[in-house]
Structures are given as structure tokens and as C-alpha cells.
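> Attaching a single structure in C-alpha cells format; questions to follow.
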Amino acid sequence: MARRFVLPQRARASVEIAFDKELNPQQLAVVRCSAGPKLVIAGAGSGKTRTLTYRVAYLLEQGVPPGAILLVTFTNKAAREMMRRVGDLTRVEPHHIWGGTFHSVGARLLRRHAQVLGYDDSFSILDEGDQRDVLRLCMTDLEVPVEQRRFPSPRVLAGLLSLHANTRVPLDDLLAGRYARFLDWVETIHEIAARYQARKRAANAMDYDDLLRGWLALLQEHPEVARRCREQFGHILVDEYQDTNIVQAEIVEAMAGEGEVGNLMVVGDDSQSIYAFRGANYDNILKFPERNPGTEVFRLEANYRSTPPILALTNASIHHNRLQFDKTLEARRSDGMPPALVACSYPAQEAAFVAERILQLRDEGIELGEIAILYRAHAHRLAVETMLLRYDIPYEVRGGLRFFEQAHIKDVVAHLRLMHNPRDEVAFRRVALLQAGIGNVTAERIWRQVGARSADAGALIEALAGPEVLAVLPGKAKAGWPAFVATLREVRGAEDEPEVAIRGILEAWYHDYVAAKFDNFESRVEDLEQLAIFAAQYDSLSGLLEELLLLGELYGQDVGGRAAAADDDSSVVLSTIHQAKGLEWHAVFIIHLLEGFFPSPRALDEPGGEEEERRIFYVAMTRARDELYLSYPIIRPGGYGSAVVQQPSRFLQELPEELLETWQLEEEVGAELGAGEARPAAADPNVDAAVEADPNVDPVWDDDQPLGEPWAH
DNA sequence: TTAAGCTTTCTTTTT
DNA sequence: GAAAGCTTAA
């Protein structure tokens, strides 16, 4: 017996906010703007988040109910952070505001309205791994004669289909262009695409792209739902608009209604658009005014973050791009050291430089958490990571394998998924294949037995325990089967307590399985323990599942003690540039700035690729508040003692020399690298330099640097 | 039919 | 330097 008691939404903006004292005139204009479509071009460090936060606070103060505000951000974390700040400002309970990524908001709306699209509201969300699993099944369905000629792998197929979904470029065009090597297979690929859609539907499952397409379909094909959405959300604010794709732009515009409703504000910086590879369309922001007549454009160009020398450099860099809104960031800070250009001889030396300089900064009183090392691709971090370990400098790596994508996490979660959505064939196969004696063939047979009557988790369990399934089981699998079914029962019984469900799975058998299967089983068990603790916050399987799949920034190290500990016990951040977006540090090291690595050669094949890569470089540099170090190793050791001399990145070569200070590295004679005291900056003529750059020749574009003997160590 | 062992590929970026 | 995919033995 339960009684529903609805707490009304009340704007309780009891605190008067002194908007004009807290904001500059440009920001204030945005915060107080009237109705009508708005485009805010907010340069790096211009107080974009602050402005958005105050805008929301302003709306609340004007009496807009929190539930009428939709705030779409790039990560769920960003949304949460912004709402927390709004809460601090206004004392309005901010959780009534709808906030999150496109995917998470889409998922929320789709849960409400899944039926009109022919889905059940318990639909599963498929991540990339699941997507590949489904595609592999589709290939088996169609009996693709893989041996004959090269057929795209599930991974490549997933990429192709996703690009198609996010850019709307017809499959045939993609197959004629970027995927031309598969032209022979056009027909089969079309069949697989159709099959893939059908299989997802049968499994009551949506992939990431479906969350967007489904949301748009709600708006475009179901006027009643669309009307309700528009009525509910009087104010839509979208952050990081430069990274939206076509589908997202259409969603935004459809949510806002046809022109007459002037409630749409999009904020972004075209110079920081770095997600074209996954379908982000630069035109969304460039052409927003055209698409939305009457758009008022605001510009935030005062930079509060970086020192003037850093800003001069970033401005100089981005001006090499042609396709963009014309803007120049103005420094609001004074002084500052010039950005450093550090030519190193080989990766270990670059790493040693970074480590030594970090030690110096720490001695100067800079917290380690105020220092970041950024790189284009994860692989570039290796030398630096090794060196930080050797120097005993605490660090945390952002990114890498996502927590949820690790096999042991997915295994456990698949149990929950199956009980939440009993039609989820991918989840079923995953758990079934874990049982001893069951492989692909048996799993397929079992599913054929039970698939039809699996609309309900209880019915599914009964079917799995039934005689038809037992008849199919090979002898080897019979012993463990009852325990498996019992575990599923237990999970189902703990529908409201995901933590209990997870511990049940572990205790029943998965703990032993992990111990037997993985050599690093302790750390995996620890992960699972963290998963259970994390799950304790949720009182439903669906809540937990959604969070796990859509919480992009949840990584292995974040879940457990590390993130919590990181606050007091600060550590240097190692991150890809993409993941560093929106963050800032006192000192930033950008490493591995080499031709052939940055810009990434693959990106250069794409039209506009170089400009996109330059924007990535721009994003990296603009993360720095006070100190910026640009470094590269000029020699890469090849195999068998050989070495390759490399060029510094073209993005360095094109920079005006006078905006950079060239640092020359010298190594002390006889000093073991890392054990002695390297002196990065001070030039000591008595020291026999392993690397020396002629001070009269700019080292950046000098091909004939003395190489020394870097690998003598 | 399964599972272990061996080879290949991957790495540009992520919801 | 891992994880997926293929081959082969049982």
C-alpha cells in the first residue's frame, strides 16, 4: 500500500543575485536576453559555464519552474555540476531541472514513450561491444561467406552504421567513399543493416544512435508527444553546440518548436569543434542563424583563464583555420611566462623533462592536481607514465577502457540486463556462454527454445528451468545449470536492490569464475566490489543500468577510492585532449607534438581534417592558465636499434617564433636519467649535451639537428 | 561442439 | 601490450 504525495515545484529564489556585479556586460546580455533563438559564441575561458549557470538562475528568478528548463550538456557530469551551482546560487532545488547529455535525456524521454515506437519501456541500451555482438549474429544469420573475400568486421560495420545514423549520409555513398574497399559487398551490407535493426527491435534494445533517432522520431512522427515536450520545456539550453550532429540539431529545433517559440539558446565555440569523427557537424553552429531566422548572436570574447602570452599563441594558432566565426580572444589577465617549446631527443627524455619540471613546480608550491599532461592519442602517454612511476609522482589517467566495458563488469551486468529486459538476446548469450559446457551452438538452441515466451522475466526463468531446455543441454552443462537458474531467480527477486543482486551473482558463482579465468583476478574482484557499492545508490535495476551505460566519464579509476582520494591527495592528470575539454589547469604539458602523430594521419584523409586537428591542438593549449609546455621527441627508436628522425608537428612549425620560448635540454654527464638532478632550463656550457640545438637556428624546423646518442642509456 | 592456444589487429578521438 | 579472431586438439 503506498500513497503518492506530489511535491509541487516552487521557485524559491529567495536570494537576490547581483547579476551585474558577477558578470561582464557581454555575459550579462546573454543572461538577461529576451525570447527568440540565441546563439552564443563563447571562446575558450570566456566564462561560458558561468554564463549558462547564471542564465538558468536568472530564469528561475523570473519565476520559470525548474521543470520547464532543459539543459543539454556534453557529459552528465557537466550537467550535474552546473545544476549544483545553480542550486547554490538560487536555493532552488535544481533536480527538477532536466539536465544531461542528448543520450541520457533521450533515454529518459523514450522510457516514457517507448510504446508509441513499438518498444517496451524496459528496453536495453546497447554499448559498442553489444552492438558488435548483435552484428556478429546478423552475419551468422546471413551466412556471410567470410572466407572468400574480405568482409568488414563487426567493428567496422558498427562504425559504418553509426556514421550513417549520425550524418544521414546514405550507406551507398559511404560505401562509395570512405568505405570503398567494401564495394563488393554493398548488397550484403544493406541486408545486414536491415537485419541489425530487426534484431534490436526483437531484443527490445536500442543502441546509442537509436536513442537520438528515437527521440527525433517521437518529435517528428508523434505530434501528441511532441506537443507535450514543447509545452513542458519552455526553455532549452544546449551547451557545446559545436559538437552536435545533424540528428541532434534537428532534435533541438523540434523541441523548441517552429520559430514562434523563442526559447532556444545554444552555446558553443566553433573553434573547439573536435568530434567530426563521430558525425558532429560543424555547420550546426556556423549555420544556426540561417536555419533559425531571427537568431540573435552573442559573443563572449573576454578570456579570464589564460595569461596574455598563452592567449597570443592560441589565437595565432587558430587563425590558421579559415572556416570559423571571426573572433579574437582578449586577455583579461596580465603578465605571465611565455609558452615553452621543448625539443627533446627521444621519448624517454621528453618524459624525464616533464617529470623533472613537475617536481620543480611542486617545489614552487603548485599542487599536482593543477598540472595536466595532454596527448592526442592514449598510446602517446606510455613513456611519460613510466617516468612518473619511476619518479614516484602520483598521477591519474583519464580514459582508457571504460569501467563498464571491462569484460567482468559486463558479465555481471548482463544478468541484471536480462532480468530487466528478458528479450535481450545479447545479454542472454553473454551469461549463457559463461556457463561451462555451453558454446555458441547450445546458446542458440536454448534461446530458440525460450525466446518466444520471454516477455516476462519470471516466464523466462521458468522456461530456462523447463524440460525443453534441459533436453538441449549437453551433459557437461547439466551440473551447473540449476545454480545458474537459481542465480537468475535471486537477481529477479532483488529487482529493487541492485546491490543485493550483484552480490548474489558474485557469491553464487561469478567470484569463482573470475578467479579461475583471469590472472589479475584480485583487481577485477575489487572492481566488482566497487560496482556493488556504486549500485547501492540505486533502488532499481533500470536506474543503475541507464547510469552505467550513459555515464561516459565513469572510468575504472573513478569508481572506487581513487576519485574520492584524488581530492585531498592530488595527482597529476594524464588525459587525451578530447577528454580534457572543458577543464583547465595551472600548468599544461602537451607532449608528442610530432608530424605523423599530431595531426593524426588518418584525420588528414578526411576533408577538413587538418582544420579539425588544429582545433584539437587549440583546445589543448587553451586548457592552460599560467604555464604551457609544448614538447616533442625528435627521434623515435625503431626496432633493432634503428631510429627514425621525425618532424615536429606542423602546428608548431606554423607558429610565430616570438610567441614561444625555446627551451634547450641538456643532460648531466654521468648522471643516470631520472636519478640525478636534470636541469631543464639552465644552460650549462660545461655539460656535454646529449641534445643540443644551435641557438641560432630555430630548432623547430631544422632538419639537421645534432642527434647525439640518445639511446646510449 | 567446446575450449585452449596461437595469431592478428589495434589506436584518433566517445555518447 | 591487450583483446578479438582464428586454428586446432580433445
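Numbering starts fresh at 1 for the residues of each chain in the C-alpha cells, the chains themselves are lettered A, B, ... in the order given, and ligands are numbered from 1 as they appear.
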Mind the document's chain letters and residue numbers, and return as a PyMOL selection string the residues of range 385-454 of chain A that DSSP labels alpha helix (DSSP H).
chain A and resi 385-391+407-420+425-434+440-450
> Could you list, as a ChimeraX atom specification, the residues of chain B having an atom within 10 Å of chain A when counting only C-alpha atoms (C1' of nucleotides)?
/B:1-3,11-15
> May I have the residues within 9 Å of Val472 in chain A as a CSV table (one decimal) with C-alpha atoms, in the first residue's frame, using only C-alpha atoms (C1' of nucleotides) and disregarding those fewer than 4 positions away in the same chain?

```
chain,number,residue,atom,x,y,z
A,442,THR,CA,24.0,-24.5,-27.4
A,445,ARG,CA,19.4,-23.7,-29.2
A,446,ILE,CA,18.4,-22.6,-25.8
A,449,GLN,CA,13.5,-22.7,-27.0
A,467,PRO,CA,12.3,-29.7,-19.8
A,468,GLU,CA,12.8,-28.4,-23.3
```
> Apply DSSP to the backbone of this structure and, from range 317-400 of chain A, keep only the residues in strand (DSSP E); write these as a list in words.
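Answer for range 317-400 of chain A, restricted to strand (DSSP E): Glu330, Ala331, Ala340, Leu341, Val342, Ala343, Cys344, Ile371, Ala372, Ile373, Leu374, Tyr375, Tyr395, Glu396 and Val397 of chain A.
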> Mind dumping the selected residues with C-alpha atoms as a PDB file, in the first residue's frame?

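Written out: result36.pdb:
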```
ATOM      1  CA  GLU A 330      41.097  39.238 -25.415  1.00  0.00           C
ATOM      2  CA  ALA A 331      43.161  38.612 -22.350  1.00  0.00           C
ATOM      3  CA  ALA A 340      57.749  26.864 -23.692  1.00  0.00           C
ATOM      4  CA  LEU A 341      58.793  24.920 -26.748  1.00  0.00           C
ATOM      5  CA  VAL A 342      60.835  21.921 -25.739  1.00  0.00           C
ATOM      6  CA  ALA A 343      62.610  19.838 -28.337  1.00  0.00           C
ATOM      7  CA  CYS A 344      63.628  16.533 -26.814  1.00  0.00           C
ATOM      8  CA  ILE A 371      49.073  20.024 -13.599  1.00  0.00           C
ATOM      9  CA  ALA A 372      47.975  18.096 -16.670  1.00  0.00           C
ATOM     10  CA  ILE A 373      49.767  16.163 -19.366  1.00  0.00           C
ATOM     11  CA  LEU A 374      47.770  16.046 -22.575  1.00  0.00           C
ATOM     12  CA  TYR A 375      48.245  13.971 -25.702  1.00  0.00           C
ATOM     13  CA  TYR A 395      49.075  10.595 -11.352  1.00  0.00           C
ATOM     14  CA  GLU A 396      45.719   9.537 -12.638  1.00  0.00           C
ATOM     15  CA  VAL A 397      44.941   8.503 -16.167  1.00  0.00           C
TER      16      VAL A 397
END
```
> Report as CSV: every residue of chain A with an atom at most 12 Å from chain C, its closest pair of atoms, and their distance in Å to one decimal, counting only C-alpha atoms (C1' of nucleotides), with rows sorted by chain and ascending residue number.

```
residue,atom,partner,partner_atom,distance
A:Gly129,CA,C:DA4,C1',11.2
A:Arg132,CA,C:DA4,C1',11.2
A:Asp133,CA,C:DA4,C1',11.7
A:Arg136,CA,C:DG5,C1',11.9
A:Glu147,CA,C:DC6,C1',11.1
A:Ser153,CA,C:DG5,C1',10.0
A:Pro154,CA,C:DA4,C1',10.8
A:Arg155,CA,C:DA4,C1',10.2
A:Ala379,CA,C:DG1,C1',10.6
A:Leu382,CA,C:DG1,C1',11.0
A:Gly400,CA,C:DA2,C1',11.7
A:Leu401,CA,C:DA2,C1',10.7
A:Glu405,CA,C:DA3,C1',12.0
A:Gln406,CA,C:DA3,C1',10.6
A:Ala407,CA,C:DA3,C1',10.2
```
> Take the residues from that selection and put them in a file with C-alpha atoms, as a compact mmCIF listing (two decimals), in the first residue's frame.

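What landed in again_4.txt:
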```txt
# COMPACT_ATOMS: atom_id res chain seq x y z
CA GLY A 129 30.51 -4.14 -27.56
CA ARG A 132 29.26 -5.74 -32.29
CA ASP A 133 27.78 -8.86 -30.74
CA ARG A 136 28.12 -10.77 -35.47
CA GLU A 147 36.48 -16.85 -46.00
CA SER A 153 34.42 -6.94 -39.25
CA PRO A 154 31.59 -6.25 -36.81
CA ARG A 155 33.62 -3.36 -35.51
CA ALA A 379 49.31 5.38 -26.73
CA LEU A 382 53.37 5.44 -22.24
CA GLY A 400 41.26 4.19 -21.45
CA LEU A 401 38.97 1.26 -21.03
CA GLU A 405 33.31 -2.07 -20.89
CA GLN A 406 35.56 -4.37 -18.97
CA ALA A 407 34.55 -7.96 -19.50
```
> Between CA of Leu368 in chain A and CA of Asp392 in chain A, what is the spacing in Å?
12.2 Å
> Hey, can you check how far CA of Pro152 in chain A sits from CA of Leu212 in chain A?
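CA of Leu212 in chain A lies 25.1 Å from CA of Pro152 in chain A.
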> Near Leu594 in chain A, within 7 Å and counting only C-alpha atoms (C1' of nucleotides), which residues show up once chain neighbours fewer than 3 positions away are dropped, as a VMD selection string?
chain A and resid 597 to 598 632 646 to 649
> Might you pull out every residue within 8 Å of Thr487 in chain A, with only C-alpha atoms (C1' of nucleotides) counted and same-chain residues fewer than 2 positions away left off, and present them as a list in words?
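Listing them by chain and then by number gives Ala483, Phe484, Val485, Arg489, Glu490, Val491, Gly504, Ile505 and Ala508 of chain A.
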> Once you have the residues from the selection above, write them out as a PDB file, in the first residue's frame, restricted to N, CA and C atoms.

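The resulting file, part-v6.pdb, is reproduced below:
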```pdb
ATOM      1  N   ALA A 483      22.091 -24.109 -10.642  1.00  0.00           N
ATOM      2  CA  ALA A 483      22.652 -22.998  -9.868  1.00  0.00           C
ATOM      3  C   ALA A 483      22.512 -21.695 -10.646  1.00  0.00           C
ATOM      4  N   PHE A 484      22.724 -21.792 -11.947  1.00  0.00           N
ATOM      5  CA  PHE A 484      22.604 -20.611 -12.798  1.00  0.00           C
ATOM      6  C   PHE A 484      21.171 -20.076 -12.769  1.00  0.00           C
ATOM      7  N   VAL A 485      20.217 -20.975 -12.931  1.00  0.00           N
ATOM      8  CA  VAL A 485      18.815 -20.564 -12.905  1.00  0.00           C
ATOM      9  C   VAL A 485      18.467 -19.957 -11.548  1.00  0.00           C
ATOM     10  N   ARG A 489      16.981 -16.234 -10.546  1.00  0.00           N
ATOM     11  CA  ARG A 489      15.824 -16.022  -9.669  1.00  0.00           C
ATOM     12  C   ARG A 489      16.156 -15.002  -8.592  1.00  0.00           C
ATOM     13  N   GLU A 490      17.329 -15.176  -8.050  1.00  0.00           N
ATOM     14  CA  GLU A 490      17.754 -14.287  -6.976  1.00  0.00           C
ATOM     15  C   GLU A 490      17.842 -12.847  -7.476  1.00  0.00           C
ATOM     16  N   VAL A 491      18.408 -12.692  -8.660  1.00  0.00           N
ATOM     17  CA  VAL A 491      18.528 -11.354  -9.235  1.00  0.00           C
ATOM     18  C   VAL A 491      17.146 -10.748  -9.432  1.00  0.00           C
ATOM     19  N   GLY A 504      24.726 -11.189  -4.985  1.00  0.00           N
ATOM     20  CA  GLY A 504      24.200 -12.535  -5.173  1.00  0.00           C
ATOM     21  C   GLY A 504      24.914 -13.261  -6.303  1.00  0.00           C
ATOM     22  N   ILE A 505      25.076 -12.566  -7.413  1.00  0.00           N
ATOM     23  CA  ILE A 505      25.752 -13.171  -8.566  1.00  0.00           C
ATOM     24  C   ILE A 505      27.184 -13.544  -8.191  1.00  0.00           C
ATOM     25  N   ALA A 508      27.183 -16.492  -5.737  1.00  0.00           N
ATOM     26  CA  ALA A 508      26.689 -17.744  -6.311  1.00  0.00           C
ATOM     27  C   ALA A 508      27.771 -18.430  -7.134  1.00  0.00           C
TER      28      ALA A 508
END
```
